[in-house]
>>> print(open('entry_30.pdb').read())   # PDB, C-alpha atoms and all ligand atoms
MODEL        1
ATOM      1  CA  MET A   1     140.772  45.812  48.757  1.00  0.00           C
ATOM      2  CA  PRO A   2     142.001  44.031  45.654  1.00  0.00           C
ATOM      3  CA  GLN A   3     144.235  45.612  43.083  1.00  0.00           C
ATOM      4  CA  ARG A   4     143.169  45.086  39.519  1.00  0.00           C
ATOM      5  CA  SER A   5     145.303  44.537  36.443  1.00  0.00           C
ATOM      6  CA  ILE A   6     145.993  47.458  34.187  1.00  0.00           C
ATOM      7  CA  VAL A   7     144.486  47.199  30.716  1.00  0.00           C
ATOM      8  CA  GLU A   8     146.996  48.229  28.072  1.00  0.00           C
ATOM      9  CA  TYR A   9     146.948  49.789  24.622  1.00  0.00           C
ATOM     10  CA  PRO A  10     145.452  48.871  22.147  1.00  0.00           C
ATOM     11  CA  ALA A  11     142.526  47.357  24.127  1.00  0.00           C
ATOM     12  CA  THR A  12     139.177  48.495  22.724  1.00  0.00           C
ATOM     13  CA  VAL A  13     137.894  49.639  26.138  1.00  0.00           C
ATOM     14  CA  LEU A  14     140.661  52.282  26.217  1.00  0.00           C
ATOM     15  CA  LEU A  15     139.716  53.629  22.815  1.00  0.00           C
ATOM     16  CA  THR A  16     135.970  53.862  23.456  1.00  0.00           C
ATOM     17  CA  PRO A  17     134.200  56.630  25.412  1.00  0.00           C
ATOM     18  CA  GLY A  18     132.938  55.367  28.768  1.00  0.00           C
ATOM     19  CA  GLU A  19     129.289  55.098  29.792  1.00  0.00           C
ATOM     20  CA  PRO A  20     127.971  57.816  32.110  1.00  0.00           C
ATOM     21  CA  VAL A  21     127.990  57.012  35.832  1.00  0.00           C
ATOM     22  CA  VAL A  22     124.349  56.899  36.982  1.00  0.00           C
ATOM     23  CA  SER A  23     124.402  54.915  40.241  1.00  0.00           C
ATOM     24  CA  PHE A  24     126.246  56.506  43.147  1.00  0.00           C
ATOM     25  CA  ASP A  25     126.013  53.400  45.289  1.00  0.00           C
ATOM     26  CA  GLU A  26     128.155  51.022  47.331  1.00  0.00           C
ATOM     27  CA  GLU A  27     129.327  49.282  44.176  1.00  0.00           C
ATOM     28  CA  LEU A  28     130.741  52.553  42.868  1.00  0.00           C
ATOM     29  CA  LYS A  29     132.495  53.208  46.190  1.00  0.00           C
ATOM     30  CA  SER A  30     134.095  49.783  46.107  1.00  0.00           C
ATOM     31  CA  LEU A  31     135.176  50.277  42.465  1.00  0.00           C
ATOM     32  CA  VAL A  32     136.733  53.639  43.367  1.00  0.00           C
ATOM     33  CA  GLN A  33     138.619  52.032  46.265  1.00  0.00           C
ATOM     34  CA  ASP A  34     139.989  49.396  43.890  1.00  0.00           C
ATOM     35  CA  MET A  35     140.995  52.157  41.488  1.00  0.00           C
ATOM     36  CA  PHE A  36     142.929  54.051  44.183  1.00  0.00           C
ATOM     37  CA  ASP A  37     144.611  50.830  45.340  1.00  0.00           C
ATOM     38  CA  THR A  38     145.570  49.920  41.782  1.00  0.00           C
ATOM     39  CA  MET A  39     146.827  53.432  41.047  1.00  0.00           C
ATOM     40  CA  TYR A  40     149.031  53.531  44.163  1.00  0.00           C
ATOM     41  CA  ASP A  41     150.260  49.995  43.589  1.00  0.00           C
ATOM     42  CA  ASP A  42     151.369  50.848  40.061  1.00  0.00           C
ATOM     43  CA  GLY A  43     152.856  54.199  41.042  1.00  0.00           C
ATOM     44  CA  GLY A  44     150.418  56.330  39.061  1.00  0.00           C
ATOM     45  CA  VAL A  45     149.007  59.763  39.920  1.00  0.00           C
ATOM     46  CA  GLY A  46     145.707  59.205  38.126  1.00  0.00           C
ATOM     47  CA  LEU A  47     143.640  56.278  36.905  1.00  0.00           C
ATOM     48  CA  ALA A  48     140.515  56.029  34.785  1.00  0.00           C
ATOM     49  CA  ALA A  49     138.001  53.177  35.081  1.00  0.00           C
ATOM     50  CA  GLN A  50     138.753  52.125  31.489  1.00  0.00           C
ATOM     51  CA  GLN A  51     142.291  51.297  32.585  1.00  0.00           C
ATOM     52  CA  ILE A  52     140.986  48.448  34.708  1.00  0.00           C
ATOM     53  CA  GLY A  53     138.583  47.392  31.986  1.00  0.00           C
ATOM     54  CA  VAL A  54     135.449  49.148  33.276  1.00  0.00           C
ATOM     55  CA  SER A  55     133.791  51.305  30.638  1.00  0.00           C
ATOM     56  CA  LEU A  56     132.624  54.182  32.836  1.00  0.00           C
ATOM     57  CA  ARG A  57     133.265  57.930  32.779  1.00  0.00           C
ATOM     58  CA  LEU A  58     135.119  57.862  36.061  1.00  0.00           C
ATOM     59  CA  PHE A  59     138.616  58.645  37.270  1.00  0.00           C
ATOM     60  CA  VAL A  60     140.583  58.978  40.485  1.00  0.00           C
ATOM     61  CA  MET A  61     143.684  61.049  41.034  1.00  0.00           C
ATOM     62  CA  ASN A  62     146.176  62.064  43.693  1.00  0.00           C
ATOM     63  CA  CYS A  63     148.487  64.498  42.009  1.00  0.00           C
ATOM     64  CA  ASP A  64     150.317  67.596  43.184  1.00  0.00           C
ATOM     65  CA  GLY A  65     148.160  67.978  46.298  1.00  0.00           C
ATOM     66  CA  ILE A  66     144.831  67.303  44.618  1.00  0.00           C
ATOM     67  CA  LYS A  67     143.159  64.043  45.560  1.00  0.00           C
ATOM     68  CA  LEU A  68     139.718  63.460  44.109  1.00  0.00           C
ATOM     69  CA  VAL A  69     137.176  61.176  42.506  1.00  0.00           C
ATOM     70  CA  ALA A  70     135.582  62.485  39.311  1.00  0.00           C
ATOM     71  CA  ALA A  71     132.460  60.901  37.832  1.00  0.00           C
ATOM     72  CA  ASN A  72     131.211  62.189  34.486  1.00  0.00           C
ATOM     73  CA  PRO A  73     134.106  64.650  34.210  1.00  0.00           C
ATOM     74  CA  GLU A  74     134.283  67.518  31.751  1.00  0.00           C
ATOM     75  CA  ILE A  75     136.869  70.199  31.220  1.00  0.00           C
ATOM     76  CA  ILE A  76     134.910  73.435  31.196  1.00  0.00           C
ATOM     77  CA  SER A  77     137.790  75.832  30.568  1.00  0.00           C
ATOM     78  CA  THR A  78     141.503  75.890  29.890  1.00  0.00           C
ATOM     79  CA  GLU A  79     144.106  78.600  29.779  1.00  0.00           C
ATOM     80  CA  GLY A  80     147.747  79.016  28.830  1.00  0.00           C
ATOM     81  CA  GLU A  81     150.228  76.387  27.817  1.00  0.00           C
ATOM     82  CA  GLN A  82     152.771  74.187  29.588  1.00  0.00           C
ATOM     83  CA  ASP A  83     155.583  71.987  28.376  1.00  0.00           C
ATOM     84  CA  GLY A  84     156.242  68.759  30.165  1.00  0.00           C
ATOM     85  CA  GLU A  85     156.427  65.016  29.984  1.00  0.00           C
ATOM     86  CA  GLU A  86     153.441  62.760  30.097  1.00  0.00           C
ATOM     87  CA  GLY A  87     153.093  59.016  30.435  1.00  0.00           C
ATOM     88  CA  CYS A  88     150.341  56.490  31.031  1.00  0.00           C
ATOM     89  CA  LEU A  89     150.084  53.216  32.976  1.00  0.00           C
ATOM     90  CA  SER A  90     148.270  51.760  29.957  1.00  0.00           C
ATOM     91  CA  VAL A  91     151.210  52.554  27.684  1.00  0.00           C
ATOM     92  CA  GLY A  92     153.949  51.113  29.893  1.00  0.00           C
ATOM     93  CA  LYS A  93     154.685  54.499  31.535  1.00  0.00           C
ATOM     94  CA  VAL A  94     156.732  55.500  28.482  1.00  0.00           C
ATOM     95  CA  HIS A  95     157.064  59.267  28.645  1.00  0.00           C
ATOM     96  CA  ALA A  96     156.881  61.825  25.871  1.00  0.00           C
ATOM     97  CA  ASP A  97     156.875  65.607  25.725  1.00  0.00           C
ATOM     98  CA  LEU A  98     153.363  66.923  25.320  1.00  0.00           C
ATOM     99  CA  LYS A  99     152.101  70.502  25.420  1.00  0.00           C
ATOM    100  CA  ARG A 100     148.974  70.939  27.526  1.00  0.00           C
ATOM    101  CA  ALA A 101     147.020  73.861  28.911  1.00  0.00           C
ATOM    102  CA  SER A 102     148.681  75.233  32.044  1.00  0.00           C
ATOM    103  CA  ARG A 103     145.381  75.767  33.847  1.00  0.00           C
ATOM    104  CA  ALA A 104     142.187  73.736  33.628  1.00  0.00           C
ATOM    105  CA  VAL A 105     138.801  73.755  35.326  1.00  0.00           C
ATOM    106  CA  LEU A 106     137.158  70.389  35.862  1.00  0.00           C
ATOM    107  CA  ARG A 107     133.457  69.863  36.436  1.00  0.00           C
ATOM    108  CA  ALA A 108     132.449  66.425  37.713  1.00  0.00           C
ATOM    109  CA  GLN A 109     130.366  64.583  40.290  1.00  0.00           C
ATOM    110  CA  ASP A 110     131.743  63.211  43.533  1.00  0.00           C
ATOM    111  CA  LEU A 111     130.986  59.804  45.077  1.00  0.00           C
ATOM    112  CA  GLN A 112     127.646  61.118  46.364  1.00  0.00           C
ATOM    113  CA  GLY A 113     126.678  62.393  42.921  1.00  0.00           C
ATOM    114  CA  LYS A 114     127.150  66.022  43.902  1.00  0.00           C
ATOM    115  CA  THR A 115     128.487  68.247  41.120  1.00  0.00           C
ATOM    116  CA  PHE A 116     131.671  70.183  41.876  1.00  0.00           C
ATOM    117  CA  GLU A 117     134.140  72.350  40.029  1.00  0.00           C
ATOM    118  CA  ARG A 118     137.861  72.360  40.700  1.00  0.00           C
ATOM    119  CA  GLU A 119     140.617  74.424  39.182  1.00  0.00           C
ATOM    120  CA  ALA A 120     144.183  73.198  38.825  1.00  0.00           C
ATOM    121  CA  VAL A 121     147.472  74.398  37.407  1.00  0.00           C
ATOM    122  CA  GLY A 122     150.639  72.639  36.294  1.00  0.00           C
ATOM    123  CA  LEU A 123     150.896  68.911  36.848  1.00  0.00           C
ATOM    124  CA  ALA A 124     147.418  68.602  38.364  1.00  0.00           C
ATOM    125  CA  ALA A 125     145.912  70.407  35.353  1.00  0.00           C
ATOM    126  CA  ARG A 126     147.765  67.976  33.106  1.00  0.00           C
ATOM    127  CA  CYS A 127     146.273  65.148  35.130  1.00  0.00           C
ATOM    128  CA  PHE A 128     142.718  66.561  34.780  1.00  0.00           C
ATOM    129  CA  LEU A 129     143.193  66.695  31.006  1.00  0.00           C
ATOM    130  CA  HIS A 130     144.837  63.266  30.703  1.00  0.00           C
ATOM    131  CA  GLU A 131     142.198  61.487  32.805  1.00  0.00           C
ATOM    132  CA  THR A 132     139.208  63.262  31.261  1.00  0.00           C
ATOM    133  CA  ASP A 133     140.616  62.231  27.869  1.00  0.00           C
ATOM    134  CA  HIS A 134     140.630  58.603  29.084  1.00  0.00           C
ATOM    135  CA  CYS A 135     136.912  58.895  29.873  1.00  0.00           C
ATOM    136  CA  ASP A 136     136.396  60.052  26.287  1.00  0.00           C
ATOM    137  CA  GLY A 137     138.371  57.077  24.936  1.00  0.00           C
ATOM    138  CA  ILE A 138     141.438  59.173  24.098  1.00  0.00           C
ATOM    139  CA  LEU A 139     144.992  58.187  25.036  1.00  0.00           C
ATOM    140  CA  PHE A 140     147.746  60.810  25.351  1.00  0.00           C
ATOM    141  CA  ILE A 141     149.600  59.272  22.407  1.00  0.00           C
ATOM    142  CA  ARG A 142     146.803  60.488  20.147  1.00  0.00           C
ATOM    143  CA  HIS A 143     147.979  64.047  20.790  1.00  0.00           C
ATOM    144  CA  LEU A 144     151.534  63.237  19.655  1.00  0.00           C
ATOM    145  CA  SER A 145     152.911  63.640  16.152  1.00  0.00           C
ATOM    146  CA  PRO A 146     152.933  60.334  14.207  1.00  0.00           C
ATOM    147  CA  LEU A 147     156.718  60.162  14.581  1.00  0.00           C
ATOM    148  CA  ARG A 148     156.697  60.617  18.368  1.00  0.00           C
ATOM    149  CA  ARG A 149     153.739  58.275  18.745  1.00  0.00           C
ATOM    150  CA  ASP A 150     155.634  55.625  16.840  1.00  0.00           C
ATOM    151  CA  LEU A 151     158.643  56.086  19.101  1.00  0.00           C
ATOM    152  CA  VAL A 152     156.531  55.714  22.253  1.00  0.00           C
ATOM    153  CA  LEU A 153     154.794  52.615  20.911  1.00  0.00           C
ATOM    154  CA  ARG A 154     158.087  51.020  19.912  1.00  0.00           C
ATOM    155  CA  LYS A 155     159.479  51.546  23.428  1.00  0.00           C
ATOM    156  CA  PHE A 156     156.231  50.205  24.866  1.00  0.00           C
ATOM    157  CA  ARG A 157     156.421  47.019  22.781  1.00  0.00           C
ATOM    158  CA  LYS A 158     159.997  46.504  23.942  1.00  0.00           C
ATOM    159  CA  ILE A 159     158.841  46.759  27.564  1.00  0.00           C
ATOM    160  CA  GLN A 160     156.031  44.276  26.902  1.00  0.00           C
ATOM    161  CA  LYS A 161     158.452  41.817  25.317  1.00  0.00           C
ATOM    162  CA  SER A 162     160.910  42.027  28.195  1.00  0.00           C
ATOM    163  CA  ARG A 163     158.318  41.017  30.815  1.00  0.00           C
TER     164      ARG A 163
HETATM  165 ZN    ZN A 201     146.646  57.330  31.289  1.00  0.00          ZN
ENDMDL
END
>>> encode(input="entry_30.pdb", output="structure tokens")
Amino acid sequence: MPQRSIVEYPATVLLTPGEPVVSFDEELKSLVQDMFDTMYDDGGVGLAAQQIGVSLRLFVMNCDGIKLVAANPEIISTEGEQDGEEGCLSVGKVHADLKRASRAVLRAQDLQGKTFEREAVGLAARCFLHETDHCDGILFIRHLSPLRRDLVLRKFRKIQKSR
């Protein structure tokens, strides 16, 4: 299965909420396979469809023991708080400290269109929140203070220039 190129900030597709997934067909399965391949190839633990330029509410992840496909994801509850670093393949993997909920419950549909709920803590909860944000057209840098965001973007531009 082919890997796809990662779309990077500030591409419009990353900053726009995705369209709902309505067809749970072979095409979706093949897209999801490409997403997993691309995610593994680029060393990520989660990837949203927007990151390969497809405007759909869809993400894949394999993080901290939780591997899943989430179509039309929503976070239905959160609890607590965790400190930690977060980065994104679409922002050159530049990391920044970002507080997130320590526990999150995800509701989504699987590849067959069946609705499921899954609870996660720690890194996997962070991943749920990060990827669901992507589906809503929100990048993690939007949660940072202007100063920190600026720092991340400056590092990112340096990386882009050095390629
Ligand atoms: Zn990301």
>>> resolve_selection(input="entry_30.pdb", expression="the PyMOL selection byres (((chain A and resi 96-104) around 6) and not hetatm)", output="list in words")
Ser77, Thr78, Glu79, Gly80, Glu81, Gln82, Asp83, Gly84, Glu85, Glu86, His95, Val105, Glu119, Ala120, Val121, Gly122 and Ala125 of chain A
>>> residues_near_ligand(input="entry_30.pdb", ligand="ligand ZN 201 (chain A)", cutoff="9 Å", atoms="all atoms listed in the file", output="count of residues only")
19
>>> resolve_selection(input="entry_30.pdb", expression="the PyMOL selection byres (((chain A and resi 18) around 6) and not hetatm)", output="list in words")
Pro17, Glu19, Ser55, Leu56, Arg57 and Cys135 of chain A
>>> closest_residue(input="entry_30.pdb", among="A:Arg4, A:Lys114, A:Lys161, A:Arg107", to="A:Ile52", atoms="all atoms listed in the file")
A:Arg4
>>> closest_residue(input="entry_30.pdb", among="A:Ala108, A:Cys63, A:Val69, A:Val7", to="A:Pro20", atoms="only C-alpha atoms")
A:Ala108
>>> resolve_selection(input="entry_30.pdb", expression="the PyMOL selection byres (((chain A and resi 25-35) around 7) and not hetatm)", output="list in words")
Met1, Pro2, Gln3, Arg4, Ser23, Phe24, Phe36, Asp37, Thr38, Met39, Leu47, Val60 and Leu111 of chain A
>>> axis_aligned_box(input="entry_30.pdb", around="stretch 119-123 of chain A", padding_each_side="4 Å", output="JSON")
{"center_x": 145.8, "center_y": 71.7, "center_z": 37.7, "size_x": 18.3, "size_y": 13.5, "size_z": 10.9}
>>> atom_distance(input="entry_30.pdb", atom1="atom CA of A:Val13", atom2="atom CA of A:Phe59")
14.3 Å
>>> atom_distance(input="entry_30.pdb", atom1="atom CA of A:Asn62", atom2="atom CA of A:Leu14")
20.8 Å
